[in-house]
Amino acid sequence: MLQELFSFQHGKDFAIGFTQLDFWFFFLVVMMIFSTLHKSTLMKTIFITAISLFFYFKTSGASVLILSFSIFLNYFSGKFVFSVNSKLKKKVIMISAVSINVLILAYFKYAYFFTESFNEIFQTKYQALNYFAQWTSGFSGQGSLVDKIIVPAGVSFFTFTSISYILDIYRDEIKPVKNFFEYSFFITFFPHILLGPIARAKDFIPQISKPYSLDKASFSWAVFQILKGLVKKLVLADYIAAHFVDKVVYAPESYPGFLSVIAMWAYSMQIYGDFSGYTDIATGVARLMGFELFQNFNSPYKALNVADFWRRWHRSLGAWLRNYLYIPLGGNKSGGIGTHISIFIIFVFLIFITQWYDLVLVYLALMAIYVIGVFYSPRFKNLVHRDMNLLITMIVGGLWHGASQNFVIWGAMNGIALVFFNYWKNISPYEKSSLFVTKIWKVFITFNFITFTRIWFILQEDNAPINFLKNIGNQFNLTADTFGKALWTYQVVFIILGVGFLIHLIPQRFKDKGILLYSKTPIALQVVSIAVALFLIYQAVSDESKGFVYFQF
């Protein structure tokens, strides 16, 4: 029993996951012990850190050593940045710490990409080696069963969290944490270690020393969030994926084109249910322990334009990119040497990732336009810098998801759309319209554009998105007969999808009233409703268990 508890094997389903019964037994035990320790900040901090490291080990095995190294590196780096008086030394320490974090992230996420691109360009035969597996094998005296570089779970999330901590200290926005355990708690807190939300130290760390409190309203809110997250993930996302999206999107030639369009609409709902479902559960679990996490989603499919969408979707990543990339580059006001260096680096990166060597000519042409524009209009320079800062931010956001040509295209399309909107909103006759019909049209256009770009998000092979679009055009085949057959075949999927969209579009004030009403019901009735809800949820669960989509990022 103990051997199974403290073991991990690559390729197995997560031993502890939010959608598994094992996690809720684990969480129940955690809460029982936590209830006896919470009065002591130090004991509470040490206990939750130990539990979080165990939770991480059960999801990512020996990668817990990578996480531990990151904790030590950034804790002491933060103290050094704060303690030195010289601005130059502060900057050197900050740059060194951030660079090491980025290199660790790059090794695990981009080693294969860089190696393969280098080999193709220079006709070499280098291989990306799993040095970490070799080291752990030598340390343990056992041969590694894993030759492939395995991306540590949540590496993008805890790396970005660590970088923000170092930069906030460097900017004098926060002071270092009081002790090592508080920092470890902040980074490893198990509800958000794997998939966020990305936490900022100034928002989260002050909560550690606060006395624990959980009133009936907070308890009810937390339980409601957890149930909502389970419904989103297990019923909405997994059922739609297993019974419709995966079948159509990965074999579009077997289906009429109009069904591929509906499948992409369904994928937008699937990925929302999957990711927001996780964060709903995470925020609910955290609240039961007395902590508040960043609300990562705000009904994104109600967005009136692409800028509004990115203020509503994955808000913690958007805030991170804005605070630590877009604004430092100059934001919407100016651009400096950082903008030019970033443009050059991304340009070289694009050449590697796409091998579109004609981009050199495009780059030179754009540089010529830039020089001419600046010569004739100083304002042109500010507009170009603003637009380039926006494009850089969105391309980096695409690359954050993975090193592939399609992620770059996805990020670039969203960046171009944001640039376009900055100009369109100044001349659009509909921007300030309050007509209901106008709002519906804006929501429809925005949702379909976001869904269109996600073709490059879900299909990772280089030519797969174009082939998918060609199939839609070549065999659209929408007739009353084909639509009727599709409606009959996927009737349950379409019902779930329709209900999902309807609930999503309900005004937030009505949802808040529903939560308030739930919180006022007696505890006994809440317990009964929880039991009934869980029974119904697991009755509707797909027989094909699926991991969280964003776990791969």
# chains A, B, ... in the order shown; residues from 1 in each chain; ligands from 1
>>> residues_around(residues="Ala286 of chain A", least_positions_apart="6", cutoff="8 Å", atoms="only C-alpha atoms", output="number ranges by chain")
A: 191, 292-293
>>> select_by_dssp(residues="segment 419-455 of chain A", states="alpha helix (DSSP H)", output="NGL selection string")
:A and (419-427 or 436-453 or 455)
>>> write_last_selection(atoms="N, CA, C and O atoms", output="mmCIF file, in the first residue's frame")
data_model
loop_
_atom_site.group_PDB
_atom_site.id
_atom_site.type_symbol
_atom_site.label_atom_id
_atom_site.label_comp_id
_atom_site.auth_asym_id
_atom_site.auth_seq_id
_atom_site.Cartn_x
_atom_site.Cartn_y
_atom_site.Cartn_z
ATOM 1 N N VAL A 419 -4.508 44.515 -33.288
ATOM 2 C CA VAL A 419 -4.001 45.718 -33.960
ATOM 3 C C VAL A 419 -5.091 46.319 -34.837
ATOM 4 O O VAL A 419 -5.331 47.537 -34.827
ATOM 5 N N PHE A 420 -5.758 45.475 -35.606
ATOM 6 C CA PHE A 420 -6.839 45.933 -36.483
ATOM 7 C C PHE A 420 -7.943 46.616 -35.669
ATOM 8 O O PHE A 420 -8.453 47.677 -36.059
ATOM 9 N N PHE A 421 -8.291 46.006 -34.532
ATOM 10 C CA PHE A 421 -9.362 46.568 -33.718
ATOM 11 C C PHE A 421 -8.988 47.949 -33.171
ATOM 12 O O PHE A 421 -9.853 48.830 -33.042
ATOM 13 N N ASN A 422 -7.719 48.159 -32.853
ATOM 14 C CA ASN A 422 -7.285 49.468 -32.345
ATOM 15 C C ASN A 422 -7.582 50.591 -33.334
ATOM 16 O O ASN A 422 -7.851 51.730 -32.928
ATOM 17 N N TYR A 423 -7.521 50.268 -34.624
ATOM 18 C CA TYR A 423 -7.831 51.271 -35.651
ATOM 19 C C TYR A 423 -9.330 51.295 -35.955
ATOM 20 O O TYR A 423 -9.928 52.362 -36.138
ATOM 21 N N TRP A 424 -9.943 50.106 -36.010
ATOM 22 C CA TRP A 424 -11.354 49.999 -36.375
ATOM 23 C C TRP A 424 -12.252 50.698 -35.369
ATOM 24 O O TRP A 424 -13.239 51.344 -35.747
ATOM 25 N N LYS A 425 -11.933 50.599 -34.070
ATOM 26 C CA LYS A 425 -12.820 51.169 -33.055
ATOM 27 C C LYS A 425 -12.917 52.691 -33.165
ATOM 28 O O LYS A 425 -13.883 53.278 -32.665
ATOM 29 N N ASN A 426 -11.930 53.312 -33.819
ATOM 30 C CA ASN A 426 -11.954 54.772 -33.978
ATOM 31 C C ASN A 426 -12.858 55.232 -35.111
ATOM 32 O O ASN A 426 -13.255 56.400 -35.166
ATOM 33 N N ILE A 427 -13.182 54.319 -36.029
ATOM 34 C CA ILE A 427 -13.990 54.698 -37.186
ATOM 35 C C ILE A 427 -15.288 53.903 -37.293
ATOM 36 O O ILE A 427 -16.151 54.215 -38.106
ATOM 37 N N PHE A 436 -29.441 46.080 -29.010
ATOM 38 C CA PHE A 436 -29.278 44.662 -28.685
ATOM 39 C C PHE A 436 -28.815 43.865 -29.905
ATOM 40 O O PHE A 436 -27.953 42.987 -29.794
ATOM 41 N N VAL A 437 -29.401 44.179 -31.064
ATOM 42 C CA VAL A 437 -29.037 43.478 -32.300
ATOM 43 C C VAL A 437 -27.555 43.688 -32.618
ATOM 44 O O VAL A 437 -26.859 42.753 -33.039
ATOM 45 N N THR A 438 -27.074 44.895 -32.412
ATOM 46 C CA THR A 438 -25.654 45.187 -32.665
ATOM 47 C C THR A 438 -24.757 44.373 -31.738
ATOM 48 O O THR A 438 -23.730 43.830 -32.161
ATOM 49 N N LYS A 439 -25.138 44.278 -30.461
ATOM 50 C CA LYS A 439 -24.342 43.505 -29.510
ATOM 51 C C LYS A 439 -24.307 42.027 -29.882
ATOM 52 O O LYS A 439 -23.254 41.384 -29.804
ATOM 53 N N ILE A 440 -25.464 41.509 -30.293
ATOM 54 C CA ILE A 440 -25.521 40.100 -30.701
ATOM 55 C C ILE A 440 -24.604 39.859 -31.894
ATOM 56 O O ILE A 440 -23.872 38.861 -31.963
ATOM 57 N N TRP A 441 -24.629 40.780 -32.854
ATOM 58 C CA TRP A 441 -23.782 40.643 -34.043
ATOM 59 C C TRP A 441 -22.306 40.691 -33.661
ATOM 60 O O TRP A 441 -21.498 39.905 -34.157
ATOM 61 N N LYS A 442 -21.939 41.591 -32.752
ATOM 62 C CA LYS A 442 -20.546 41.693 -32.307
ATOM 63 C C LYS A 442 -20.084 40.406 -31.612
ATOM 64 O O LYS A 442 -18.978 39.913 -31.852
ATOM 65 N N VAL A 443 -20.950 39.885 -30.749
ATOM 66 C CA VAL A 443 -20.621 38.647 -30.039
ATOM 67 C C VAL A 443 -20.442 37.502 -31.033
ATOM 68 O O VAL A 443 -19.495 36.711 -30.920
ATOM 69 N N PHE A 444 -21.328 37.430 -32.018
ATOM 70 C CA PHE A 444 -21.269 36.366 -33.024
ATOM 71 C C PHE A 444 -19.974 36.440 -33.830
ATOM 72 O O PHE A 444 -19.302 35.424 -34.046
ATOM 73 N N ILE A 445 -19.620 37.645 -34.292
ATOM 74 C CA ILE A 445 -18.398 37.821 -35.085
ATOM 75 C C ILE A 445 -17.165 37.479 -34.253
ATOM 76 O O ILE A 445 -16.255 36.770 -34.715
ATOM 77 N N THR A 446 -17.116 37.969 -33.016
ATOM 78 C CA THR A 446 -15.958 37.721 -32.156
ATOM 79 C C THR A 446 -15.796 36.242 -31.868
ATOM 80 O O THR A 446 -14.691 35.685 -31.979
ATOM 81 N N PHE A 447 -16.891 35.573 -31.512
ATOM 82 C CA PHE A 447 -16.829 34.143 -31.206
ATOM 83 C C PHE A 447 -16.356 33.341 -32.409
ATOM 84 O O PHE A 447 -15.525 32.433 -32.276
ATOM 85 N N ASN A 448 -16.855 33.667 -33.587
ATOM 86 C CA ASN A 448 -16.464 32.911 -34.778
ATOM 87 C C ASN A 448 -15.015 33.174 -35.172
ATOM 88 O O ASN A 448 -14.331 32.256 -35.655
ATOM 89 N N PHE A 449 -14.536 34.389 -34.958
ATOM 90 C CA PHE A 449 -13.123 34.642 -35.244
ATOM 91 C C PHE A 449 -12.236 33.845 -34.287
ATOM 92 O O PHE A 449 -11.270 33.190 -34.720
ATOM 93 N N ILE A 450 -12.547 33.884 -32.998
ATOM 94 C CA ILE A 450 -11.762 33.135 -32.016
ATOM 95 C C ILE A 450 -11.800 31.645 -32.339
ATOM 96 O O ILE A 450 -10.777 30.946 -32.269
ATOM 97 N N THR A 451 -12.971 31.146 -32.715
ATOM 98 C CA THR A 451 -13.115 29.731 -33.074
ATOM 99 C C THR A 451 -12.296 29.400 -34.309
ATOM 100 O O THR A 451 -11.651 28.341 -34.384
ATOM 101 N N PHE A 452 -12.308 30.287 -35.303
ATOM 102 C CA PHE A 452 -11.523 30.078 -36.525
ATOM 103 C C PHE A 452 -10.037 29.945 -36.206
ATOM 104 O O PHE A 452 -9.358 29.038 -36.706
ATOM 105 N N THR A 453 -9.499 30.819 -35.378
ATOM 106 C CA THR A 453 -8.065 30.753 -35.063
ATOM 107 C C THR A 453 -7.717 29.471 -34.324
ATOM 108 O O THR A 453 -6.580 28.992 -34.399
ATOM 109 N N ILE A 455 -8.470 26.555 -34.998
ATOM 110 C CA ILE A 455 -8.127 25.446 -35.903
ATOM 111 C C ILE A 455 -6.624 25.203 -35.834
ATOM 112 O O ILE A 455 -6.157 24.063 -35.848
#
>>> atom_distance(atom1="atom CA of Leu88 of chain A", atom2="atom CA of Tyr324 of chain A")
19.7 Å
>>> residues_around(residues="Ile530 of chain A", least_positions_apart="5", cutoff="12 Å", atoms="only C-alpha atoms", output="PDB file with N, CA, C and O atoms, in the first residue's frame")
ATOM      1  N   SER A 220     -20.569  27.794   0.968  1.00  0.00           N
ATOM      2  CA  SER A 220     -21.534  27.528  -0.097  1.00  0.00           C
ATOM      3  C   SER A 220     -20.987  27.951  -1.451  1.00  0.00           C
ATOM      4  O   SER A 220     -21.152  27.237  -2.452  1.00  0.00           O
ATOM      5  N   ALA A 222     -17.835  28.129  -2.326  1.00  0.00           N
ATOM      6  CA  ALA A 222     -16.772  27.202  -2.703  1.00  0.00           C
ATOM      7  C   ALA A 222     -17.338  25.893  -3.247  1.00  0.00           C
ATOM      8  O   ALA A 222     -16.882  25.379  -4.282  1.00  0.00           O
ATOM      9  N   VAL A 223     -18.339  25.352  -2.556  1.00  0.00           N
ATOM     10  CA  VAL A 223     -18.949  24.094  -3.003  1.00  0.00           C
ATOM     11  C   VAL A 223     -19.616  24.281  -4.362  1.00  0.00           C
ATOM     12  O   VAL A 223     -19.507  23.412  -5.249  1.00  0.00           O
ATOM     13  N   PHE A 224     -20.296  25.402  -4.534  1.00  0.00           N
ATOM     14  CA  PHE A 224     -20.948  25.686  -5.808  1.00  0.00           C
ATOM     15  C   PHE A 224     -19.914  25.750  -6.931  1.00  0.00           C
ATOM     16  O   PHE A 224     -20.138  25.224  -8.031  1.00  0.00           O
ATOM     17  N   GLN A 225     -18.752  26.397  -6.665  1.00  0.00           N
ATOM     18  CA  GLN A 225     -17.689  26.478  -7.673  1.00  0.00           C
ATOM     19  C   GLN A 225     -17.173  25.092  -8.043  1.00  0.00           C
ATOM     20  O   GLN A 225     -16.942  24.782  -9.222  1.00  0.00           O
ATOM     21  N   ILE A 226     -16.974  24.253  -7.041  1.00  0.00           N
ATOM     22  CA  ILE A 226     -16.455  22.908  -7.292  1.00  0.00           C
ATOM     23  C   ILE A 226     -17.444  22.095  -8.130  1.00  0.00           C
ATOM     24  O   ILE A 226     -17.053  21.441  -9.114  1.00  0.00           O
ATOM     25  N   LEU A 227     -18.709  22.136  -7.764  1.00  0.00           N
ATOM     26  CA  LEU A 227     -19.720  21.402  -8.535  1.00  0.00           C
ATOM     27  C   LEU A 227     -19.819  21.937  -9.962  1.00  0.00           C
ATOM     28  O   LEU A 227     -19.929  21.165 -10.927  1.00  0.00           O
ATOM     29  N   LYS A 228     -19.770  23.258 -10.090  1.00  0.00           N
ATOM     30  CA  LYS A 228     -19.825  23.865 -11.419  1.00  0.00           C
ATOM     31  C   LYS A 228     -18.633  23.415 -12.260  1.00  0.00           C
ATOM     32  O   LYS A 228     -18.765  23.099 -13.454  1.00  0.00           O
ATOM     33  N   LEU A 230     -16.861  20.640 -11.935  1.00  0.00           N
ATOM     34  CA  LEU A 230     -17.002  19.227 -12.293  1.00  0.00           C
ATOM     35  C   LEU A 230     -17.971  19.042 -13.453  1.00  0.00           C
ATOM     36  O   LEU A 230     -17.742  18.219 -14.352  1.00  0.00           O
ATOM     37  N   TYR A 518     -28.539  29.792  -3.207  1.00  0.00           N
ATOM     38  CA  TYR A 518     -27.991  28.500  -2.771  1.00  0.00           C
ATOM     39  C   TYR A 518     -27.331  28.625  -1.404  1.00  0.00           C
ATOM     40  O   TYR A 518     -27.479  27.746  -0.537  1.00  0.00           O
ATOM     41  N   ILE A 523     -27.803  23.905   5.549  1.00  0.00           N
ATOM     42  CA  ILE A 523     -26.656  23.048   5.257  1.00  0.00           C
ATOM     43  C   ILE A 523     -27.099  21.633   4.895  1.00  0.00           C
ATOM     44  O   ILE A 523     -26.558  21.013   3.974  1.00  0.00           O
ATOM     45  N   ALA A 524     -28.095  21.115   5.622  1.00  0.00           N
ATOM     46  CA  ALA A 524     -28.570  19.753   5.343  1.00  0.00           C
ATOM     47  C   ALA A 524     -29.067  19.631   3.910  1.00  0.00           C
ATOM     48  O   ALA A 524     -28.793  18.639   3.215  1.00  0.00           O
ATOM     49  N   LEU A 525     -29.793  20.644   3.452  1.00  0.00           N
ATOM     50  CA  LEU A 525     -30.301  20.635   2.087  1.00  0.00           C
ATOM     51  C   LEU A 525     -29.154  20.770   1.084  1.00  0.00           C
ATOM     52  O   LEU A 525     -29.181  20.146   0.008  1.00  0.00           O
ATOM     53  N   PHE A 535     -23.993  12.425  -8.010  1.00  0.00           N
ATOM     54  CA  PHE A 535     -24.522  11.193  -8.608  1.00  0.00           C
ATOM     55  C   PHE A 535     -24.867  11.412 -10.076  1.00  0.00           C
ATOM     56  O   PHE A 535     -24.509  10.605 -10.943  1.00  0.00           O
ATOM     57  N   LEU A 536     -25.544  12.517 -10.366  1.00  0.00           N
ATOM     58  CA  LEU A 536     -25.941  12.804 -11.743  1.00  0.00           C
ATOM     59  C   LEU A 536     -24.731  13.105 -12.620  1.00  0.00           C
ATOM     60  O   LEU A 536     -24.672  12.685 -13.781  1.00  0.00           O
ATOM     61  N   ILE A 537     -23.751  13.826 -12.068  1.00  0.00           N
ATOM     62  CA  ILE A 537     -22.542  14.152 -12.835  1.00  0.00           C
ATOM     63  C   ILE A 537     -21.837  12.883 -13.272  1.00  0.00           C
ATOM     64  O   ILE A 537     -21.491  12.712 -14.452  1.00  0.00           O
TER      65      ILE A 537
END
>>> closest_residue(among="A:Ile271, A:Val285, A:Leu42, A:Val177", to="Ile240 of chain A", atoms="only C-alpha atoms")
A:Ile271
